[in-house]
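Participant: Sharing a structure below in structure tokens format, with a few things to ask.
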Amino acid sequence: MTTKLKELVSRNKRRLREDGFDLDLTYIAPNIIAMGFPSEKLEGYYRNHIEDVYKFLESRHKDHYKVYNLCSERTYHPEKFHQRVASYPFEDHNPPRLELIKPFCEDLDKWLSQDDRNIAAIHCKGRTGVMICAYMLHRGRFKDAEDALKHYGKTRTRDEKGVTIPSQRRYVLYYGDLLKSNIEYKPVTLLLRGAKFETIPMFNSSNSCTPLFEVHQWKVKVCTSPVYDGISKGDTSFPMWLPNPVPLCGDIKIEFFNKTLMMKKEKMLHFWFNTFFVTEPYDHGGSSQNGAGHSDRQQPELLCLTLPKMELDRANKDKSHKLFSPNFKVKIIFEQMKEEVETSLERSKSADDIVGDRYRRHEDFSHSSRSHTADRLYPPTAVTKPPMPQGRTPNHSLEDRYHLLPGHHPYHPSRRDGVVVDSGSLSESVEGLSLGGYSDNDPMDDDLSDTETDSEWEGCEVTHV
């Protein structure tokens, strides 16, 4: 009974079943382990029990393991693992702060470089995939973020779905873009002017919606828009201008809601992005800024972030297109701060544009191609591979192909198809892998309801556009 419960909880993830262990645990590489949260008491009966995790690590990697806890909602006593526990917390189903990724990679790098026998055990859920993929890019195991995501999906899950939440994937792409461009991240402040739907979400009985959006700068709500009432039948786009610009900097979350006939606030979609990567010019297209208090001749040069349906959290689950058309997009429109204008050319091309170009060609993650900037962007010097000695052929041994220890920069391995075994063990999950796949253990269905029943509309301004 316990075994069945554990299988239900771990869902699509590979389990390690060896030497009497049955753990939600997978070797992504010989020195990198992805695992579920080490639980205690009753929860330990259907998740990884912390005592079982301890026994496994002691039996396989005694004195040479370190645990990395990515959970923000709970923790455990570090003495459970001899004080070798590092915490880099962020919320489940969300990306990390961009500034958190590099310190994590450097900490992990330092630990693995101290001894060839050292390993890292990282948990939990989709957060694990984000940070492991970032580290594989950091070490130069992969040059392209998509390849890192595919590798993780293939080794960690049975259905090749490792990291599927669009915002989490976006931040892996962000970090890969910074590495390839060899550009230092600096927070950029932009003025939020408004948003625009391209095609109209179908949340009301009239196959329309009455939208509102909220903006969070990290965990602080900084803006609630008016309620935009006035989408007409036959409209193919809908601009939503703010009455006054709102300064934003760094990691931003925007949530869109629909006002129902019962005056409830119904969640439509949300997404995270970082202002550093917003570089796309906005085409006014002759549209007026209703509610913004500006005439056409006064319109400043604007930037925008364009996200198609498959890059929007929750909206990407609408596989049957009941609520969002296949061509649905959201544009977020910004004005540059005066002090940012002269430095804008120093920023890298937006990683969002890289993903966006891909989804303009493809509707599904499984058809993803390499970034179109991969041929012109180069990794930083610290992870450049040494030249291959003349006459030498690549070493395709397990150690050379998959070990991520600093100094071990394998030559580009030949890809081969292999038989993937349903196991999280080192010998099977690594030896038999072939690259491909995604996910994030978040159910993929069309149930997008998220209704709030409090007096959430109190104080909201209704704007007729």
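In the structure tokens, the first chain shown is A, the next is B, and so on; residue numbers restart at 1 for each chain, and ligands run from 1 in the order shown.
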At most 8 Å is the cut-off: for each residue in range 83-147 of chain A with any atom that close to an atom of range 53-74 of chain A, write down the nearest atom pair and the distance in Å rounded to one decimal, counting only C-alpha atoms, chain first then increasing number, as JSON lines.

Facilitator:
```
{"residue": "A:Arg84", "atom": "CA", "partner": "A:Lys66", "partner_atom": "CA", "distance": 5.0}
{"residue": "A:Val85", "atom": "CA", "partner": "A:Val67", "partner_atom": "CA", "distance": 4.8}
{"residue": "A:Ala86", "atom": "CA", "partner": "A:Tyr68", "partner_atom": "CA", "distance": 4.9}
{"residue": "A:Ser87", "atom": "CA", "partner": "A:Asn69", "partner_atom": "CA", "distance": 4.8}
{"residue": "A:Tyr88", "atom": "CA", "partner": "A:Leu70", "partner_atom": "CA", "distance": 5.0}
{"residue": "A:Pro89", "atom": "CA", "partner": "A:Leu70", "partner_atom": "CA", "distance": 4.3}
{"residue": "A:Phe90", "atom": "CA", "partner": "A:Ser72", "partner_atom": "CA", "distance": 5.1}
{"residue": "A:Glu91", "atom": "CA", "partner": "A:Ser72", "partner_atom": "CA", "distance": 5.6}
{"residue": "A:Asp92", "atom": "CA", "partner": "A:Cys71", "partner_atom": "CA", "distance": 7.3}
{"residue": "A:Trp111", "atom": "CA", "partner": "A:Lys66", "partner_atom": "CA", "distance": 7.9}
{"residue": "A:Asp115", "atom": "CA", "partner": "A:His64", "partner_atom": "CA", "distance": 7.9}
{"residue": "A:Arg117", "atom": "CA", "partner": "A:His64", "partner_atom": "CA", "distance": 6.2}
{"residue": "A:Asn118", "atom": "CA", "partner": "A:His64", "partner_atom": "CA", "distance": 4.5}
{"residue": "A:Ile119", "atom": "CA", "partner": "A:Tyr65", "partner_atom": "CA", "distance": 4.9}
{"residue": "A:Ala120", "atom": "CA", "partner": "A:Lys66", "partner_atom": "CA", "distance": 5.0}
{"residue": "A:Ala121", "atom": "CA", "partner": "A:Val67", "partner_atom": "CA", "distance": 4.8}
{"residue": "A:Ile122", "atom": "CA", "partner": "A:Tyr68", "partner_atom": "CA", "distance": 4.7}
{"residue": "A:His123", "atom": "CA", "partner": "A:Asn69", "partner_atom": "CA", "distance": 5.5}
{"residue": "A:Cys124", "atom": "CA", "partner": "A:Leu70", "partner_atom": "CA", "distance": 6.3}
{"residue": "A:Arg127", "atom": "CA", "partner": "A:Leu70", "partner_atom": "CA", "distance": 6.7}
{"residue": "A:Thr128", "atom": "CA", "partner": "A:Leu70", "partner_atom": "CA", "distance": 7.1}
```

Participant: Excluding Val246 in chain A and residues on its chain fewer than 4 positions from it, collect all residues at most 10 Å away from it, counting only C-alpha atoms, and give them as an NGL selection string.

Facilitator: :A and (190-194 or 215 or 222-223 or 242 or 334-335)

Participant: Taking the DSSP assignment computed from this structure's backbone, write out as an MDAnalysis selection string all residues of range 52-141 of chain A that belong to strand (DSSP E or B).

Facilitator: chainID A and resid 65:71 85:90 119:123

Participant: Create the file for the chosen residues now, containing all heavy atoms and written as a tab-separated table (two decimals), in the first residue's frame.

Facilitator:
```tsv
chain	number	residue	atom	x	y	z
A	65	TYR	N	28.61	14.11	0.60
A	65	TYR	CA	27.36	14.62	0.04
A	65	TYR	C	26.98	15.94	0.73
A	65	TYR	O	27.32	16.19	1.88
A	65	TYR	CB	26.23	13.60	0.15
A	65	TYR	CG	25.84	13.22	1.57
A	65	TYR	CD1	24.92	13.99	2.29
A	65	TYR	CD2	26.38	12.09	2.19
A	65	TYR	CE1	24.55	13.64	3.57
A	65	TYR	CE2	26.03	11.74	3.48
A	65	TYR	CZ	25.11	12.51	4.17
A	65	TYR	OH	24.76	12.16	5.45
A	66	LYS	N	26.28	16.76	-0.02
A	66	LYS	CA	25.73	18.00	0.49
A	66	LYS	C	24.32	18.15	-0.06
A	66	LYS	O	24.09	17.89	-1.25
A	66	LYS	CB	26.59	19.20	0.08
A	66	LYS	CG	26.13	20.55	0.65
A	66	LYS	CD	27.12	21.65	0.28
A	66	LYS	CE	26.68	23.00	0.83
A	66	LYS	NZ	27.67	24.08	0.50
A	67	VAL	N	23.38	18.56	0.78
A	67	VAL	CA	21.99	18.67	0.39
A	67	VAL	C	21.64	20.14	0.14
A	67	VAL	O	22.01	21.02	0.93
A	67	VAL	CB	21.06	18.08	1.48
A	67	VAL	CG1	19.59	18.23	1.08
A	67	VAL	CG2	21.40	16.62	1.73
A	68	TYR	N	20.95	20.39	-0.97
A	68	TYR	CA	20.52	21.74	-1.32
A	68	TYR	C	19.00	21.80	-1.26
A	68	TYR	O	18.31	21.11	-2.01
A	68	TYR	CB	21.01	22.12	-2.72
A	68	TYR	CG	22.49	22.40	-2.76
A	68	TYR	CD1	23.42	21.36	-2.81
A	68	TYR	CD2	22.98	23.71	-2.72
A	68	TYR	CE1	24.79	21.61	-2.83
A	68	TYR	CE2	24.34	23.98	-2.74
A	68	TYR	CZ	25.23	22.92	-2.80
A	68	TYR	OH	26.59	23.19	-2.81
A	69	ASN	N	18.48	22.63	-0.35
A	69	ASN	CA	17.04	22.77	-0.14
A	69	ASN	C	16.55	24.03	-0.86
A	69	ASN	O	16.98	25.14	-0.54
A	69	ASN	CB	16.74	22.86	1.36
A	69	ASN	CG	15.26	22.99	1.64
A	69	ASN	OD1	14.42	22.87	0.75
A	69	ASN	ND2	14.92	23.23	2.90
A	70	LEU	N	15.67	23.86	-1.83
A	70	LEU	CA	15.13	24.99	-2.60
A	70	LEU	C	13.75	25.40	-2.12
A	70	LEU	O	13.16	26.32	-2.68
A	70	LEU	CB	15.06	24.61	-4.09
A	70	LEU	CG	16.37	24.11	-4.72
A	70	LEU	CD1	16.14	23.78	-6.19
A	70	LEU	CD2	17.49	25.13	-4.57
A	71	CYS	N	13.22	24.75	-1.09
A	71	CYS	CA	11.87	25.03	-0.61
A	71	CYS	C	11.85	26.31	0.23
A	71	CYS	O	12.69	26.49	1.11
A	71	CYS	CB	11.35	23.88	0.23
A	71	CYS	SG	11.11	22.35	-0.69
A	85	VAL	N	23.98	21.27	4.66
A	85	VAL	CA	22.74	21.67	4.00
A	85	VAL	C	22.83	23.14	3.62
A	85	VAL	O	23.20	23.98	4.44
A	85	VAL	CB	21.51	21.45	4.91
A	85	VAL	CG1	20.24	21.96	4.25
A	85	VAL	CG2	21.36	19.98	5.28
A	86	ALA	N	22.54	23.45	2.37
A	86	ALA	CA	22.50	24.84	1.90
A	86	ALA	C	21.07	25.14	1.45
A	86	ALA	O	20.41	24.29	0.84
A	86	ALA	CB	23.47	25.05	0.75
A	87	SER	N	20.61	26.34	1.73
A	87	SER	CA	19.24	26.73	1.38
A	87	SER	C	19.25	27.88	0.39
A	87	SER	O	19.87	28.92	0.64
A	87	SER	CB	18.48	27.13	2.66
A	87	SER	OG	17.16	27.48	2.36
A	88	TYR	N	18.57	27.67	-0.75
A	88	TYR	CA	18.36	28.70	-1.76
A	88	TYR	C	16.87	28.72	-2.10
A	88	TYR	O	16.45	28.21	-3.13
A	88	TYR	CB	19.22	28.42	-3.00
A	88	TYR	CG	20.69	28.62	-2.75
A	88	TYR	CD1	21.48	27.60	-2.24
A	88	TYR	CD2	21.28	29.85	-3.00
A	88	TYR	CE1	22.82	27.79	-1.99
A	88	TYR	CE2	22.63	30.06	-2.76
A	88	TYR	CZ	23.40	29.02	-2.25
A	88	TYR	OH	24.73	29.22	-2.00
A	89	PRO	N	16.06	29.29	-1.19
A	89	PRO	CA	14.60	29.10	-1.29
A	89	PRO	C	13.92	30.00	-2.30
A	89	PRO	O	14.28	31.16	-2.50
A	89	PRO	CB	14.14	29.45	0.13
A	89	PRO	CG	15.14	30.44	0.61
A	89	PRO	CD	16.45	30.04	0.00
A	90	PHE	N	12.91	29.44	-2.97
A	90	PHE	CA	11.95	30.21	-3.74
A	90	PHE	C	10.66	29.41	-3.82
A	90	PHE	O	10.64	28.21	-3.57
A	90	PHE	CB	12.46	30.64	-5.11
A	90	PHE	CG	12.90	29.52	-6.03
A	90	PHE	CD1	12.08	29.09	-7.06
A	90	PHE	CD2	14.14	28.92	-5.90
A	90	PHE	CE1	12.47	28.09	-7.94
A	90	PHE	CE2	14.56	27.92	-6.78
A	90	PHE	CZ	13.72	27.51	-7.79
A	119	ILE	N	29.23	14.76	-4.07
A	119	ILE	CA	27.98	14.82	-4.84
A	119	ILE	C	27.04	15.82	-4.18
A	119	ILE	O	27.20	16.17	-3.01
A	119	ILE	CB	27.30	13.43	-4.97
A	119	ILE	CG1	26.79	12.95	-3.60
A	119	ILE	CG2	28.24	12.42	-5.59
A	119	ILE	CD1	25.30	13.15	-3.37
A	120	ALA	N	26.05	16.26	-4.93
A	120	ALA	CA	25.03	17.17	-4.41
A	120	ALA	C	23.66	16.55	-4.60
A	120	ALA	O	23.35	16.03	-5.68
A	120	ALA	CB	25.10	18.53	-5.11
A	121	ALA	N	22.82	16.60	-3.55
A	121	ALA	CA	21.43	16.13	-3.62
A	121	ALA	C	20.53	17.35	-3.51
A	121	ALA	O	20.56	18.06	-2.50
A	121	ALA	CB	21.14	15.14	-2.49
A	122	ILE	N	19.74	17.60	-4.56
A	122	ILE	CA	18.98	18.85	-4.68
A	122	ILE	C	17.48	18.54	-4.70
A	122	ILE	O	17.04	17.63	-5.39
A	122	ILE	CB	19.39	19.60	-5.96
A	122	ILE	CG1	20.91	19.82	-5.95
A	122	ILE	CG2	18.66	20.92	-6.10
A	122	ILE	CD1	21.48	20.23	-7.29
A	123	HIS	N	16.70	19.32	-3.94
A	123	HIS	CA	15.25	19.13	-3.92
A	123	HIS	C	14.59	20.49	-3.77
A	123	HIS	O	15.22	21.45	-3.32
A	123	HIS	CB	14.86	18.16	-2.80
A	123	HIS	CG	15.12	18.70	-1.42
A	123	HIS	ND1	14.24	19.55	-0.77
A	123	HIS	CD2	16.18	18.57	-0.56
A	123	HIS	CE1	14.71	19.88	0.42
A	123	HIS	NE2	15.90	19.30	0.56
```

Participant: Enumerate as a PyMOL selection string all residues of range 15-137 of chain A assigned to alpha helix (DSSP H) by DSSP on the backbone, naming them with the chain letters and numbers the document uses.

Facilitator: chain A and resi 50-61+98-114+126-137

Participant: Can you tell me which residues surround Pro281 in chain A at a distance of at most 9 Å, considering only C-alpha atoms, apart from same-chain residues fewer than 2 positions away, and format the answer as a list of chain:residue names?

Facilitator: A:Val278, A:Thr279, A:Asp283, A:Glu301, A:Leu302, A:Leu303, A:Cys304, A:Leu305

Participant: Pick out the residues sitting within 8 Å of range 207-211 of chain A, and hand them over as a list in words; count only C-alpha atoms, and ignore anything fewer than 5 positions along from it in its own chain.

Facilitator: Ile200, Pro201, Met202, Val227, Tyr228, Asp229, Gly230, Ile231, Lys233, Phe256, Phe257, Asn258, Lys259 and Thr260 of chain A

Participant: Grab the residues selected above and save them as a compact mmCIF listing (two decimals), in the first residue's frame with N, CA, C and O atoms.

Facilitator:
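For reference, again19.txt as written:
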```
# COMPACT_ATOMS: atom_id res chain seq x y z
N ILE A 200 -8.92 37.74 -28.25
CA ILE A 200 -9.61 38.01 -26.98
C ILE A 200 -9.88 36.70 -26.23
O ILE A 200 -10.44 35.76 -26.80
N PRO A 201 -9.48 36.62 -24.96
CA PRO A 201 -9.83 35.43 -24.16
C PRO A 201 -11.34 35.26 -24.05
O PRO A 201 -12.09 36.24 -24.02
N MET A 202 -11.78 34.03 -23.97
CA MET A 202 -13.21 33.71 -24.00
C MET A 202 -13.67 33.19 -22.64
O MET A 202 -13.84 32.00 -22.44
N VAL A 227 -10.61 48.13 -14.09
CA VAL A 227 -11.34 47.09 -14.80
C VAL A 227 -11.66 47.63 -16.18
O VAL A 227 -12.25 48.70 -16.30
N TYR A 228 -11.25 46.92 -17.22
CA TYR A 228 -11.43 47.40 -18.59
C TYR A 228 -12.69 46.80 -19.18
O TYR A 228 -12.73 45.62 -19.53
N ASP A 229 -13.71 47.64 -19.29
CA ASP A 229 -15.01 47.20 -19.77
C ASP A 229 -15.26 47.86 -21.13
O ASP A 229 -15.25 49.07 -21.24
N GLY A 230 -15.45 47.04 -22.15
CA GLY A 230 -15.70 47.66 -23.44
C GLY A 230 -15.18 46.90 -24.64
O GLY A 230 -15.07 47.45 -25.73
N ILE A 231 -14.83 45.63 -24.47
CA ILE A 231 -14.43 44.84 -25.62
C ILE A 231 -15.66 44.60 -26.49
O ILE A 231 -16.69 44.12 -26.03
N LYS A 233 -17.75 43.02 -29.88
CA LYS A 233 -17.81 41.81 -30.68
C LYS A 233 -17.01 42.02 -31.97
O LYS A 233 -17.16 43.03 -32.64
N PHE A 256 -3.48 38.32 -14.69
CA PHE A 256 -4.67 38.83 -15.35
C PHE A 256 -5.90 38.11 -14.81
O PHE A 256 -5.91 36.88 -14.64
N PHE A 257 -6.96 38.90 -14.56
CA PHE A 257 -8.22 38.37 -14.04
C PHE A 257 -9.37 38.80 -14.95
O PHE A 257 -9.26 39.79 -15.70
N ASN A 258 -10.46 38.07 -14.85
CA ASN A 258 -11.69 38.42 -15.55
C ASN A 258 -12.76 38.73 -14.51
O ASN A 258 -12.94 38.01 -13.53
N LYS A 259 -13.48 39.85 -14.71
CA LYS A 259 -14.60 40.18 -13.83
C LYS A 259 -15.84 39.45 -14.33
O LYS A 259 -16.29 39.68 -15.45
N THR A 260 -16.37 38.56 -13.51
CA THR A 260 -17.54 37.78 -13.91
C THR A 260 -18.82 38.57 -13.67
O THR A 260 -18.83 39.62 -13.03
```

Participant: Any idea what's packed within 8 Å of Ser325 in chain A, counting only C-alpha atoms, ignoring anything in its chain fewer than 2 positions away? Could you give it as a list of chain:residue names?

Facilitator: A:Thr199, A:Ile200, A:Pro201, A:His321, A:Lys322, A:Leu323, A:Asn327, A:Phe328

Participant: Print the selection's residues with N, CA and C atoms to a file, as a tab-separated table (two decimals), in the first residue's frame.

Facilitator:
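Dumped to out_3.tsv:
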```tsv
chain	number	residue	atom	x	y	z
A	199	THR	N	-5.94	38.75	-29.91
A	199	THR	CA	-7.09	37.85	-29.83
A	199	THR	C	-7.65	37.96	-28.41
A	200	ILE	N	-8.92	37.74	-28.25
A	200	ILE	CA	-9.61	38.01	-26.98
A	200	ILE	C	-9.88	36.70	-26.23
A	201	PRO	N	-9.48	36.62	-24.96
A	201	PRO	CA	-9.83	35.43	-24.16
A	201	PRO	C	-11.34	35.26	-24.05
A	321	HIS	N	-8.03	24.87	-26.52
A	321	HIS	CA	-8.31	26.24	-26.99
A	321	HIS	C	-9.75	26.68	-26.66
A	322	LYS	N	-10.24	26.26	-25.50
A	322	LYS	CA	-11.58	26.68	-25.07
A	322	LYS	C	-11.61	28.13	-24.61
A	323	LEU	N	-10.52	28.57	-24.01
A	323	LEU	CA	-10.48	29.90	-23.40
A	323	LEU	C	-9.56	30.87	-24.14
A	327	ASN	N	-3.52	31.50	-31.31
A	327	ASN	CA	-2.69	32.65	-31.64
A	327	ASN	C	-2.70	33.73	-30.55
A	328	PHE	N	-3.22	33.41	-29.40
A	328	PHE	CA	-3.30	34.40	-28.33
A	328	PHE	C	-1.92	34.85	-27.88
```

Participant: Show me a table, sorted first by chain and then by increasing residue number, of the residues of range 140-160 of chain A having an atom at most 7 Å from range 28-34 of chain A, each with its shortest atom pair and the distance in Å to one decimal, counting only C-alpha atoms and written as JSON lines.

Facilitator:
```
{"residue": "A:Tyr152", "atom": "CA", "partner": "A:Ile28", "partner_atom": "CA", "distance": 6.7}
{"residue": "A:Thr155", "atom": "CA", "partner": "A:Ile28", "partner_atom": "CA", "distance": 5.9}
{"residue": "A:Arg156", "atom": "CA", "partner": "A:Ile28", "partner_atom": "CA", "distance": 6.8}
```

Participant: I need the residues from that last selection saved to file as an mmCIF file, in the first residue's frame (with C-alpha atoms), if you can.

Facilitator:
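The file below, result36.cif, is the result:
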```
data_model
loop_
_atom_site.group_PDB
_atom_site.id
_atom_site.type_symbol
_atom_site.label_atom_id
_atom_site.label_comp_id
_atom_site.auth_asym_id
_atom_site.auth_seq_id
_atom_site.Cartn_x
_atom_site.Cartn_y
_atom_site.Cartn_z
ATOM 1 C CA TYR A 152 16.795 16.946 -17.358
ATOM 2 C CA THR A 155 16.716 11.629 -16.997
ATOM 3 C CA ARG A 156 14.306 12.734 -14.272
#
```
